[in-house]
Each structure stands twice: as structure tokens, then as C-alpha cells.
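The structure file entry25.cif is reproduced below (mmCIF, C-alpha atoms).
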```cif
data_start
#
loop_
_atom_site.label_atom_id
_atom_site.label_comp_id
_atom_site.auth_asym_id
_atom_site.auth_seq_id
_atom_site.Cartn_x
_atom_site.Cartn_y
_atom_site.Cartn_z
CA MET A 1 -91.61 60.03 -86.06
CA SER A 2 -92.56 60.04 -82.39
CA SER A 3 -95.58 58.19 -81.01
CA ILE A 4 -95.13 59.39 -77.44
CA SER A 5 -98.25 60.55 -75.59
CA LEU A 6 -98.58 63.32 -73.03
CA THR A 7 -98.86 60.67 -70.30
CA ASP A 8 -95.66 59.10 -71.62
CA ILE A 9 -93.90 62.47 -71.36
CA ASP A 10 -94.84 62.80 -67.68
CA TYR A 11 -93.32 59.38 -67.08
CA LEU A 12 -90.15 59.95 -69.13
CA LEU A 13 -89.29 63.01 -67.06
CA THR A 14 -88.91 61.00 -63.83
CA PRO A 15 -86.11 59.14 -62.04
CA LYS A 16 -88.28 56.01 -62.26
CA ALA A 17 -88.14 56.14 -66.07
CA ILE A 18 -84.36 56.48 -65.91
CA ARG A 19 -84.06 53.36 -63.78
CA ASP A 20 -86.69 51.40 -65.74
CA THR A 21 -85.30 52.05 -69.21
CA THR A 22 -81.66 51.51 -68.26
CA TYR A 23 -82.53 48.30 -66.40
CA ARG A 24 -83.79 46.81 -69.65
CA ILE A 25 -80.38 47.38 -71.25
CA TYR A 26 -78.62 45.97 -68.18
CA ASN A 27 -80.60 42.75 -68.53
CA MET A 28 -79.75 42.62 -72.23
CA ALA A 29 -76.07 42.93 -71.34
CA LEU A 30 -76.36 40.06 -68.89
CA ASP A 31 -77.89 38.01 -71.73
CA GLY A 32 -75.01 38.89 -74.07
CA GLU A 33 -77.11 41.15 -76.32
CA THR A 34 -75.14 44.43 -76.10
CA HIS A 35 -71.68 45.72 -76.99
CA PHE A 36 -70.65 45.12 -73.37
CA SER A 37 -70.37 42.16 -71.06
CA VAL A 38 -70.92 42.55 -67.30
CA ASP A 39 -68.90 40.81 -64.60
CA GLU A 40 -71.04 41.16 -61.49
CA SER A 41 -68.43 39.32 -59.42
CA LYS A 42 -66.29 42.48 -59.55
CA VAL A 43 -68.94 44.89 -58.24
CA ASP A 44 -68.13 44.39 -54.57
CA ALA A 45 -64.39 44.94 -55.13
CA CYS A 46 -65.23 48.05 -57.14
CA ALA A 47 -67.34 49.32 -54.22
CA ASP A 48 -64.35 48.74 -51.89
CA TYR A 49 -62.14 50.72 -54.30
CA VAL A 50 -64.65 53.59 -54.19
CA LEU A 51 -64.98 53.35 -50.40
CA ASP A 52 -61.22 53.67 -50.05
CA VAL A 53 -61.40 56.88 -52.10
CA ILE A 54 -64.28 58.13 -49.93
CA ASN A 55 -62.34 57.47 -46.72
CA LYS A 56 -59.32 59.37 -48.04
CA ASN A 57 -61.35 62.29 -49.44
CA TYR A 58 -63.81 62.59 -46.55
CA PRO A 59 -62.55 60.71 -43.45
CA THR A 60 -65.52 61.90 -41.36
CA HIS A 61 -67.99 61.00 -44.17
CA ASN A 62 -69.40 64.53 -43.99
CA ILE A 63 -69.85 64.77 -47.75
CA PRO A 64 -71.64 67.49 -49.73
CA PHE A 65 -73.74 66.66 -52.76
CA HIS A 66 -71.90 66.07 -56.03
CA SER A 67 -72.42 69.46 -57.59
CA ARG A 68 -70.78 72.35 -59.41
CA TRP A 69 -69.93 74.07 -56.12
CA GLY A 70 -67.11 71.63 -55.40
CA HIS A 71 -65.37 72.57 -58.65
CA PHE A 72 -65.35 76.23 -57.64
CA LYS A 73 -62.91 75.32 -54.83
CA VAL A 74 -60.18 73.89 -57.06
CA GLY A 75 -56.65 75.01 -56.24
CA GLU A 76 -57.64 75.38 -52.55
CA ILE A 77 -59.43 78.65 -53.32
CA ASP A 78 -62.97 78.92 -51.93
CA ARG A 79 -64.47 80.92 -54.77
CA GLU A 80 -67.99 80.32 -53.43
CA ALA A 81 -67.07 82.14 -50.22
CA LEU A 82 -65.56 84.96 -52.28
CA PHE A 83 -68.77 85.08 -54.32
CA ASP A 84 -70.86 85.21 -51.13
CA GLU A 85 -68.96 88.33 -50.07
CA LYS A 86 -70.33 90.11 -53.15
CA LEU A 87 -73.90 89.18 -52.16
CA VAL A 88 -73.96 90.33 -48.53
CA ASP A 89 -76.47 93.10 -49.18
CA LEU A 90 -79.04 90.76 -50.79
CA ASP A 91 -81.92 89.14 -48.93
CA PRO A 92 -81.73 85.30 -48.67
CA ILE A 93 -83.99 84.58 -51.66
CA ASP A 94 -82.30 87.09 -53.95
CA LYS A 95 -78.93 85.73 -52.90
CA ALA A 96 -80.18 82.27 -53.88
CA ARG A 97 -81.42 83.62 -57.23
CA THR A 98 -77.97 84.99 -57.98
CA LYS A 99 -76.20 81.79 -56.95
CA LEU A 100 -78.62 79.84 -59.14
CA ASP A 101 -77.88 82.21 -62.04
CA LEU A 102 -74.19 81.38 -61.61
CA VAL A 103 -74.50 77.64 -61.20
CA ILE A 104 -77.05 77.08 -63.98
CA THR A 105 -74.93 78.89 -66.57
CA SER A 106 -71.80 77.17 -65.31
CA VAL A 107 -73.30 73.67 -65.45
CA LEU A 108 -74.54 74.25 -69.00
CA LEU A 109 -70.96 75.04 -70.01
CA ASP A 110 -69.59 71.84 -68.49
CA ALA A 111 -69.64 69.23 -71.28
CA GLY A 112 -66.29 67.49 -71.89
CA ALA A 113 -63.55 70.01 -72.70
CA GLY A 114 -61.25 67.61 -74.54
CA LYS A 115 -57.74 66.43 -73.70
CA ILE A 116 -55.85 69.63 -74.54
CA TRP A 117 -57.86 72.60 -73.24
CA LYS A 118 -56.87 74.28 -69.97
CA TYR A 119 -57.63 77.53 -68.15
CA LYS A 120 -54.95 79.77 -66.64
CA GLU A 121 -55.71 81.56 -63.37
CA GLY A 122 -52.69 83.43 -62.09
CA ASP A 123 -49.83 80.92 -62.05
CA ASN A 124 -52.18 77.92 -62.02
CA PHE A 125 -53.65 75.87 -64.84
CA PHE A 126 -56.90 73.92 -64.51
CA ASN A 127 -58.42 71.56 -67.06
CA ARG A 128 -61.58 69.51 -67.55
CA SER A 129 -64.51 70.26 -65.20
CA GLU A 130 -62.50 72.37 -62.76
CA GLY A 131 -61.11 74.53 -65.54
CA LEU A 132 -64.57 74.97 -67.04
CA ALA A 133 -65.94 75.91 -63.61
CA VAL A 134 -63.30 78.57 -62.99
CA ALA A 135 -63.67 79.99 -66.51
CA SER A 136 -67.45 80.27 -66.19
CA TYR A 137 -67.11 81.72 -62.68
CA TYR A 138 -65.03 84.64 -63.94
CA MET A 139 -67.26 85.04 -66.96
CA PHE A 140 -70.21 85.49 -64.62
CA LEU A 141 -68.28 87.94 -62.43
CA ASP A 142 -67.52 89.99 -65.56
CA GLY A 143 -71.25 90.37 -66.21
CA SER A 144 -71.01 88.44 -69.48
CA PHE A 145 -74.45 86.86 -69.02
CA SER A 146 -76.19 90.09 -68.05
CA SER A 147 -77.81 92.69 -70.29
CA ASP A 148 -76.37 95.48 -68.12
CA LYS A 149 -73.12 93.75 -67.06
CA SER A 150 -74.38 93.29 -63.50
CA LEU A 151 -74.01 90.23 -61.29
CA VAL A 152 -76.97 88.34 -62.78
CA ALA A 153 -77.78 86.19 -65.78
CA ASP A 154 -80.81 87.35 -67.75
CA GLY A 155 -82.52 86.45 -70.99
CA LYS A 156 -81.24 89.35 -73.09
CA GLY A 157 -77.68 89.01 -71.84
CA LEU A 158 -77.61 85.30 -72.63
CA GLU A 159 -79.20 85.72 -76.06
CA GLU A 160 -76.67 88.38 -77.05
CA LEU A 161 -73.64 86.35 -75.98
CA SER A 162 -71.16 86.03 -78.85
CA LYS A 163 -68.85 83.20 -79.82
CA SER A 164 -65.85 85.51 -79.59
CA SER A 165 -66.79 86.51 -76.03
CA LEU A 166 -67.12 82.87 -75.01
CA GLU A 167 -63.82 81.93 -76.63
CA LYS A 168 -62.04 84.87 -75.03
CA ALA A 169 -63.41 84.07 -71.57
CA PHE A 170 -62.40 80.42 -71.93
CA GLN A 171 -58.96 81.36 -73.33
CA VAL A 172 -59.60 79.38 -76.52
CA SER A 173 -56.89 79.48 -79.18
CA ASP A 174 -55.36 77.25 -81.85
CA ASP A 175 -53.03 75.93 -79.17
CA ASN A 176 -55.78 75.69 -76.56
CA PRO A 177 -58.84 74.28 -78.38
CA LEU A 178 -62.09 73.69 -76.51
CA VAL A 179 -64.42 70.93 -77.70
CA GLY A 180 -67.96 71.99 -78.62
CA VAL A 181 -67.75 75.79 -78.44
CA GLU A 182 -70.74 76.21 -80.76
CA GLY A 183 -72.78 73.71 -78.74
CA ARG A 184 -72.05 75.54 -75.49
CA LEU A 185 -72.85 78.92 -77.01
CA ASN A 186 -76.12 77.68 -78.46
CA LEU A 187 -77.14 76.20 -75.11
CA LEU A 188 -76.70 79.55 -73.38
CA LYS A 189 -78.48 81.44 -76.16
CA SER A 190 -81.34 78.94 -75.97
CA LEU A 191 -81.39 79.37 -72.20
CA GLY A 192 -81.79 83.09 -72.74
CA LYS A 193 -84.76 82.62 -75.07
CA THR A 194 -86.36 80.16 -72.68
CA VAL A 195 -86.12 82.31 -69.55
CA GLU A 196 -87.51 85.24 -71.53
CA SER A 197 -90.45 83.31 -72.94
CA ASN A 198 -91.40 81.03 -70.03
CA LYS A 199 -92.33 83.47 -67.29
CA GLU A 200 -94.24 80.80 -65.39
CA ILE A 201 -91.07 78.85 -64.51
CA PHE A 202 -88.70 81.84 -64.77
CA PRO A 203 -90.91 84.72 -63.57
CA GLN A 204 -88.10 87.29 -63.47
CA GLY A 205 -86.58 86.34 -66.81
CA ARG A 206 -83.55 84.95 -64.99
CA PRO A 207 -82.51 81.29 -64.65
CA GLY A 208 -82.28 81.79 -60.89
CA SER A 209 -85.92 82.80 -60.59
CA LEU A 210 -86.67 79.09 -60.84
CA ILE A 211 -86.66 79.34 -57.05
CA ASP A 212 -89.67 81.68 -57.19
CA TYR A 213 -91.60 79.16 -59.30
CA LEU A 214 -90.84 76.36 -56.83
CA ILE A 215 -91.92 78.42 -53.83
CA THR A 216 -95.11 79.49 -55.59
CA LYS A 217 -95.94 75.90 -56.48
CA HIS A 218 -94.76 74.01 -53.40
CA GLY A 219 -94.22 76.51 -50.59
CA THR A 220 -90.98 76.43 -48.63
CA THR A 221 -90.86 72.63 -48.23
CA PHE A 222 -90.49 70.25 -51.17
CA GLU A 223 -88.45 67.37 -52.55
CA VAL A 224 -85.36 67.26 -54.75
CA SER A 225 -87.47 65.51 -57.40
CA ASP A 226 -89.67 68.64 -57.54
CA ILE A 227 -86.57 70.65 -58.47
CA LEU A 228 -85.67 68.09 -61.12
CA ASN A 229 -89.16 68.26 -62.60
CA ALA A 230 -88.95 72.06 -62.80
CA VAL A 231 -85.49 71.83 -64.42
CA LEU A 232 -86.71 69.29 -66.98
CA LEU A 233 -89.82 71.29 -67.83
CA GLY A 234 -88.11 74.66 -67.80
CA LEU A 235 -84.92 73.77 -69.65
CA GLY A 236 -86.32 71.17 -72.03
CA PRO A 237 -86.48 73.61 -74.97
CA ILE A 238 -82.75 74.39 -74.86
CA TRP A 239 -81.50 70.95 -75.89
CA PRO A 240 -80.57 70.51 -79.57
CA GLY A 241 -81.73 67.85 -81.98
CA ARG A 242 -83.32 65.48 -79.52
CA ILE A 243 -86.67 63.72 -79.42
CA ASP A 244 -89.65 66.05 -79.67
CA ALA A 245 -93.13 65.04 -78.55
CA HIS A 246 -96.19 67.31 -78.56
CA GLY A 247 -93.93 70.33 -79.09
CA MET A 248 -91.73 69.45 -76.11
CA ASN A 249 -88.06 68.55 -76.33
CA LEU A 250 -87.46 65.55 -74.05
CA GLY A 251 -83.82 66.43 -73.42
CA ASP A 252 -81.41 63.62 -72.50
CA VAL A 253 -83.69 60.88 -73.87
CA TRP A 254 -82.48 58.72 -76.75
CA HIS A 255 -83.97 56.26 -79.21
CA TYR A 256 -82.31 52.85 -78.80
CA GLY A 257 -82.50 50.86 -82.04
CA PRO A 258 -82.54 47.33 -80.54
CA PHE A 259 -85.76 48.23 -78.70
CA GLY A 260 -87.56 48.90 -82.01
CA ASP A 261 -87.54 51.11 -85.09
CA ASP A 262 -90.32 53.54 -84.14
CA ILE A 263 -89.87 56.17 -81.42
CA THR A 264 -92.26 55.19 -78.62
CA VAL A 265 -92.18 55.13 -74.84
CA ASP A 266 -90.91 51.53 -75.14
CA THR A 267 -87.97 52.28 -77.47
CA VAL A 268 -86.29 55.18 -75.70
CA VAL A 269 -83.76 55.34 -72.86
CA CYS A 270 -83.70 58.20 -70.32
CA PHE A 271 -80.65 59.63 -68.56
CA HIS A 272 -81.22 63.33 -67.71
CA LYS A 273 -77.59 63.50 -66.59
CA LEU A 274 -76.94 67.22 -66.84
CA SER A 275 -80.40 68.04 -65.46
CA GLN A 276 -79.83 65.85 -62.39
CA TRP A 277 -76.36 67.24 -61.80
CA LEU A 278 -77.80 70.72 -62.12
CA THR A 279 -80.55 69.75 -59.67
CA TYR A 280 -77.97 68.55 -57.15
CA SER A 281 -76.18 71.88 -57.64
CA LEU A 282 -79.33 73.88 -56.87
CA VAL A 283 -80.14 72.23 -53.54
CA THR A 284 -77.59 73.89 -51.24
CA PRO A 285 -78.31 77.53 -52.24
CA MET A 286 -82.02 76.87 -51.71
CA ILE A 287 -81.42 75.31 -48.28
CA ASP A 288 -79.18 78.26 -47.40
CA ALA A 289 -82.12 80.52 -48.31
CA GLY A 290 -84.23 78.84 -45.63
CA LEU A 291 -86.09 76.24 -47.70
CA THR A 292 -86.57 72.64 -46.51
CA ILE A 293 -85.66 70.12 -49.20
CA THR A 294 -85.67 66.33 -48.83
CA GLY A 295 -85.75 63.18 -50.96
CA ALA A 296 -82.36 63.33 -52.69
CA GLU A 297 -82.20 59.53 -52.56
CA LYS A 298 -84.92 59.31 -55.21
CA LEU A 299 -82.66 60.68 -57.94
CA THR A 300 -80.17 58.50 -59.80
CA GLY A 301 -76.44 58.51 -60.36
CA LEU A 302 -74.89 60.42 -63.24
CA CYS A 303 -73.89 58.56 -66.39
CA GLU A 304 -70.87 60.58 -67.46
CA TYR A 305 -67.45 59.39 -68.51
CA ARG A 306 -65.83 59.44 -65.06
CA ASN A 307 -68.43 57.14 -63.53
CA GLY A 308 -68.71 55.08 -66.71
CA GLY A 309 -64.93 54.96 -67.01
CA LEU A 310 -64.65 53.58 -63.48
CA PHE A 311 -66.65 50.48 -64.37
CA LEU A 312 -64.91 49.99 -67.70
CA ASP A 313 -61.40 50.48 -66.31
CA PHE A 314 -62.13 48.29 -63.29
CA GLY A 315 -63.39 45.50 -65.50
CA VAL A 316 -66.95 45.41 -64.16
CA ILE A 317 -67.98 45.93 -67.78
CA SER A 318 -65.94 45.05 -70.87
CA LEU A 319 -66.29 45.71 -74.56
CA ARG A 320 -66.95 42.54 -76.52
CA ASP A 321 -65.11 44.04 -79.50
CA THR A 322 -62.04 45.95 -78.29
CA ASP A 323 -61.68 47.64 -81.68
CA HIS A 324 -64.29 50.12 -80.43
CA TYR A 325 -61.53 51.66 -78.32
CA ASN A 326 -59.90 52.82 -81.54
CA HIS A 327 -62.87 54.88 -82.75
CA SER A 328 -64.86 57.86 -81.50
CA HIS A 329 -68.56 57.44 -80.80
CA ARG A 330 -71.52 59.82 -80.95
CA PRO A 331 -73.70 60.22 -77.84
CA GLY A 332 -76.71 58.80 -79.71
CA SER A 333 -74.93 55.60 -80.80
CA ASP A 334 -76.19 52.30 -79.40
CA LEU A 335 -72.78 51.70 -77.82
CA ILE A 336 -72.75 54.95 -75.83
CA ILE A 337 -76.40 54.55 -74.82
CA GLU A 338 -75.51 51.09 -73.49
CA TRP A 339 -72.43 52.38 -71.65
CA ARG A 340 -74.45 55.09 -69.95
CA ALA A 341 -77.29 52.69 -69.07
CA LEU A 342 -74.93 50.16 -67.50
CA THR A 343 -73.24 52.96 -65.58
CA LEU A 344 -76.52 54.07 -64.02
CA GLN A 345 -77.48 50.57 -62.95
CA LEU A 346 -74.04 49.85 -61.52
CA LEU A 347 -74.02 53.15 -59.62
CA ASP A 348 -77.20 52.00 -57.89
CA SER A 349 -75.50 48.69 -56.99
CA VAL A 350 -72.27 50.30 -55.76
CA GLY A 351 -74.23 52.98 -53.90
CA GLU A 352 -76.26 50.37 -52.02
CA LEU A 353 -73.13 48.38 -51.15
CA ILE A 354 -71.38 51.48 -49.82
CA GLN A 355 -74.45 52.50 -47.81
CA ASN A 356 -74.45 49.03 -46.25
CA LYS A 357 -70.71 49.05 -45.59
CA LEU A 358 -71.03 52.42 -43.83
CA ASN A 359 -74.29 51.45 -42.10
CA LYS A 360 -76.02 54.44 -43.69
CA SER A 361 -79.56 54.74 -45.02
CA PRO A 362 -80.24 55.93 -48.59
CA SER A 363 -81.65 59.20 -47.22
CA ASP A 364 -78.57 59.77 -45.03
CA PHE A 365 -76.12 58.83 -47.78
CA PRO A 366 -77.82 59.31 -51.17
CA LEU A 367 -76.08 58.76 -54.49
CA ALA A 368 -75.33 62.49 -54.61
CA LYS A 369 -72.87 61.86 -51.77
CA VAL A 370 -71.57 58.56 -53.15
CA LEU A 371 -70.75 60.35 -56.40
CA GLU A 372 -69.01 63.29 -54.71
CA GLY A 373 -67.18 61.23 -52.15
CA GLY A 374 -66.11 58.45 -54.35
CA THR A 375 -67.23 57.23 -57.77
CA TRP A 376 -66.37 60.38 -59.71
CA TRP A 377 -62.96 60.66 -58.04
CA ALA A 378 -62.41 56.90 -58.27
CA GLY A 379 -63.11 57.14 -62.00
CA ARG A 380 -60.51 59.89 -62.32
CA LYS A 381 -58.00 57.96 -60.16
CA ILE A 382 -58.23 54.71 -62.11
CA ALA A 383 -58.15 56.59 -65.44
CA LYS A 384 -54.83 58.12 -64.40
CA GLU A 385 -53.55 54.67 -63.41
CA LYS A 386 -54.53 53.28 -66.83
CA ARG A 387 -53.64 56.24 -69.08
CA GLU A 388 -51.06 58.92 -68.50
CA ASP A 389 -53.39 61.72 -69.62
CA GLY A 390 -56.22 60.43 -67.42
CA SER A 391 -58.62 60.49 -70.36
CA SER A 392 -61.84 58.57 -70.82
CA PRO A 393 -61.39 54.91 -71.83
CA LEU A 394 -63.79 55.50 -74.71
CA THR A 395 -63.48 58.43 -77.11
CA LEU A 396 -66.60 60.57 -77.38
CA ASP A 397 -67.46 62.66 -80.41
CA SER A 398 -68.97 65.41 -78.26
CA ASP A 399 -71.12 68.30 -79.42
CA GLY A 400 -70.60 70.22 -76.18
CA THR A 401 -74.03 69.38 -74.76
CA VAL A 402 -73.58 65.87 -73.30
CA PHE A 403 -71.27 64.56 -70.58
#
```
As a first step, turn the structure in this file into C-alpha cells.
Amino acid sequence: MSSISLTDIDYLLTPKAIRDTTYRIYNMALDGETHFSVDESKVDACADYVLDVINKNYPTHNIPFHSRWGHFKVGEIDREALFDEKLVDLDPIDKARTKLDLVITSVLLDAGAGKIWKYKEGDNFFNRSEGLAVASYYMFLDGSFSSDKSLVADGKGLEELSKSSLEKAFQVSDDNPLVGVEGRLNLLKSLGKTVESNKEIFPQGRPGSLIDYLITKHGTTFEVSDILNAVLLGLGPIWPGRIDAHGMNLGDVWHYGPFGDDITVDTVVCFHKLSQWLTYSLVTPMIDAGLTITGAEKLTGLCEYRNGGLFLDFGVISLRDTDHYNHSHRPGSDLIIEWRALTLQLLDSVGELIQNKLNKSPSDFPLAKVLEGGTWWAGRKIAKEKREDGSSPLTLDSDGTVF
């Protein structure tokens, strides 16, 4: 039973709530009251490890935001540029709508794929996020999300998407299983219903018409947090089985038992991981359309298994009971909530250290660049050093909608 007020909802859908609620868990960890211990003496060395990755990936430090667009360039193929060639006859705003259609559907298909799944493109194989990106890219090009098979995503096309179509597009088979197919399918179907029913935020019945809502509300100049707020309000209904308050699904917000038995504003922890990553992915197409967007530094890092794995593999955080490595864990478990909370707090710490080491301000070098330049790749690098398959240090029992 939820006792969350309308005022509480406004607060819980902000970056401040993410930082506030996760900070409480961080302090509990320092006091020895969570599944994890924290060794703050290793944070600076971890930041140096990330900075080394940044310098190798981006020697000039000209880093784009951590977003879906980077994954579309896997295999040294600039699929975004190829996509742009198909949009040359569109005006700047309609081009942005179409690119938002692509990236929103692609991000919603991005939850962990599992250790086995891979996607074949020509003679190349791609797995994990890159494989999911390429698969969703071609699915969009095939008109799979459109009611008339055109180069858009629309409500009817998304609602009518079938499991068999999704499995075929993602090359799913007994030998190539994809984690959470049903969860991914249901997200896209729910997206279809939402863009059809909420014409205030999606006035054209397309995910990409979110840009029209933002321009109507804010003009051509606004902040990244305004995009996040629109994403959280507009896409809230699509998330399954989460906390509901006053008829609104709060999304990536979880009840944390040690805070109390009842669901209140004081007993939940906010992450909004996928929504923030989606927000970061929406910024560049909007800027390319001529909009002025600032304030990226106000958003947080992303608490997914690459960033979280970095801190666990580096020894900044450690499990008090190592037997937990031998079991899988649900996203709503206290242990995973703690892991994600510690990850967010430590990303703030590492981000600040790297900004200082590079003599950059938070606005010049926001976490969106720290993630893309370093922490995500550093998490992948150290995972490969620790485990041959480069998998997450903790096993997640994913439903295809988180991480």
C-alpha cells in the first residue's frame, strides 16, 4: 500500500531524489548496515583507472554524451550517418522526430541480453548493448514499429508488434537465447498504448513527437532536466509491476525494506536509469534540430552493471558475504538496490575527481561524458580482466526491463 502524495511524486521524479535516496544507503554502507562494505581509500585509484581509459578512448577529451548513438557505430560502421542519408528530405524538426522514434524504441530494448545472445550482421557478430543496438536499428529500418511499415514508430505499429517478429529480428533461437523477450515486447506494446493515449506529451502519436511537447512547453531553449521530466511523465505508464501512486507508475523507484515496511516517500529509492540514459540519447538530435539545451550536469550517473561492476571488481565496494556471488538476484532485492545506490554515489565521487584532474567544470564535463569516456568502458575492461566472458560480477535475474 502506497502512502505517497502528489507532492512526493513531483520530488521522486527528480535527480535530487535520486541523489538523496541513494545517499542514505551509502551512509548505511559506511556504517556496516548493508550487504556491501565501502573502501573509500580506493576511490582515487579507481578514478585514475577510469581516466586512463578516457585518455585512450578520447585523447582530445572531445567526448559525446553516453547514449545509444555510440552503440550504432560498433564495428566501425557509422549507422547514424547512414540513417541520416534516409532523412535528407525532412525538415530539421521532423528529422529529429524520426531519430527520436529510433532511439526511444532502441533504448527500451536494451536491458541485459545475457551471456549467450549475439547478433549477426554480415560476417560480424555483436553481443550485449552493441548487438541489441544493431538489431533494433535494422528492425526500425524494416518498418517493424510502424503501422504502415514506414520509417517511423507509431502507436498502432508498436501495439501490434508480435513476439515472433521481435524474436526473428533479434535472431533468437534455442542456440541464441535472449533474456527477457516478453519484458521487451511488453515495454514496446505499452509504449504504443501510451503514445496513442497521451496526446499532450506525444501529440502526433509517435514517441518522437516528445520534441513537439517540449517546444510547446519551453520554447526552443530548455534544460536536460526538462527532457528527463517529460520522459518520466510520458513513459511512466509503460513500466511493469512497480510502485503506483495516485494512478501513476513511478518507474525505476523501489521500496527498500530496511527503510521501513510501508511504502512512503521515506522508504523508497530512486534510480531512473533507463530514463536518464534515454534522456542523454535525446539531447543530440534535438540540438541538431536547432534547439538550445543546457544543464546536463544536473543529471546523475547510470546505475547499471558495467558501472556497478567497475566498483565491485576494483574493490571500492565488496560483498560482506561472498556466497551472494553464487546466486542470481532480482532487481527489487535489497542487495541489488544497495549495489545500484552505491554505484550512483561513487559515480558522483569519481566524476568530480576526474573533472578536477582534467581541470574541467561539471558543465563542461558532466557525468554523461565521464560515463561515455570512461566508467562504462572501464567496467567492461576490468570485467574482461576478471572473467573470461566479461560478464557482470553479480548475476541478475532480469525481466528485460532493468539494466
(request) Give the answer as one residue: which of A:Thr60, A:Thr279, A:Thr14, A:Gln355 has the shortest atom-to-atom distance to A:Asp48, using only C-alpha atoms? (result)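 Closest residue, counting only C-alpha atoms: A:Gln355.
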(message) Given only C-alpha atoms as the basis, pick out the residue of A:Val231, A:Ala153, A:Leu250, A:Ala45 nearest to A:Gly315.
(response)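 Checking each candidate against A:Gly315, we get A:Ala45 as the closest.
Point (-94.3, 78.2, -56.5) has the following residues at most 12 Å away: Glu200, Ile201, Phe202, Pro203, Ser209, Leu210, Ile211, Asp212, Tyr213, Leu214, Ile215, Thr216, Lys217, His218, Gly219, Thr220, Thr221, Phe222, Asp226, Ile227 and Ala230 of chain A (atoms considered: all atoms listed in the file).
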Exercise: stretch 147-149 of chain A partners within 12 Å, all atoms listed in the file, chain neighbours under 2 positions left out, as an mmCIF file with C-alpha atoms, in the frame of the given file:
```
data_model
loop_
_atom_site.group_PDB
_atom_site.id
_atom_site.type_symbol
_atom_site.label_atom_id
_atom_site.label_comp_id
_atom_site.auth_asym_id
_atom_site.auth_seq_id
_atom_site.Cartn_x
_atom_site.Cartn_y
_atom_site.Cartn_z
ATOM 1 C CA MET A 139 -67.260 85.040 -66.960
ATOM 2 C CA PHE A 140 -70.210 85.490 -64.620
ATOM 3 C CA LEU A 141 -68.280 87.940 -62.430
ATOM 4 C CA ASP A 142 -67.520 89.990 -65.560
ATOM 5 C CA GLY A 143 -71.250 90.370 -66.210
ATOM 6 C CA SER A 144 -71.010 88.440 -69.480
ATOM 7 C CA PHE A 145 -74.450 86.860 -69.020
ATOM 8 C CA LEU A 151 -74.010 90.230 -61.290
ATOM 9 C CA VAL A 152 -76.970 88.340 -62.780
ATOM 10 C CA ALA A 153 -77.780 86.190 -65.780
ATOM 11 C CA ASP A 154 -80.810 87.350 -67.750
ATOM 12 C CA GLY A 155 -82.520 86.450 -70.990
ATOM 13 C CA LYS A 156 -81.240 89.350 -73.090
ATOM 14 C CA GLY A 157 -77.680 89.010 -71.840
ATOM 15 C CA LEU A 158 -77.610 85.300 -72.630
ATOM 16 C CA GLU A 159 -79.200 85.720 -76.060
ATOM 17 C CA GLU A 160 -76.670 88.380 -77.050
ATOM 18 C CA LEU A 161 -73.640 86.350 -75.980
ATOM 19 C CA GLY A 192 -81.790 83.090 -72.740
ATOM 20 C CA GLY A 205 -86.580 86.340 -66.810
ATOM 21 C CA ARG A 206 -83.550 84.950 -64.990
#
```
(message) Starting from the PyMOL selection byres ((chain A and resi 342) around 8), expand the selection into actual residues of this file and give them as a PyMOL selection string.
(response) chain A and resi 22-23+25-26+308+338-341+343-346
(request) Report as a ChimeraX atom specification the full result of the PyMOL selection byres ((chain A and resi 324) around 12) when it is applied to this structure. (result) /A:35-36,318-323,325-329,333,335-336,393-396
(request) Name the closest residue to A:Gly257 among the candidates A:Leu347, A:Val269, A:Asp84, A:Lys99; distances are taken between atoms, counting only C-alpha atoms. (result) A:Val269
The PyMOL selection byres ((chain A and resi 178) around 7) on the file shown: which residues, as a PDB file with C-alpha atoms, in the frame of the given file?
```pdb
ATOM      1  CA  ALA A 113     -63.550  70.010 -72.700  1.00  0.00           C
ATOM      2  CA  GLY A 114     -61.250  67.610 -74.540  1.00  0.00           C
ATOM      3  CA  TRP A 117     -57.860  72.600 -73.240  1.00  0.00           C
ATOM      4  CA  VAL A 172     -59.600  79.380 -76.520  1.00  0.00           C
ATOM      5  CA  ASN A 176     -55.780  75.690 -76.560  1.00  0.00           C
ATOM      6  CA  PRO A 177     -58.840  74.280 -78.380  1.00  0.00           C
ATOM      7  CA  VAL A 179     -64.420  70.930 -77.700  1.00  0.00           C
ATOM      8  CA  GLY A 180     -67.960  71.990 -78.620  1.00  0.00           C
ATOM      9  CA  VAL A 181     -67.750  75.790 -78.440  1.00  0.00           C
TER      10      VAL A 181
END
```
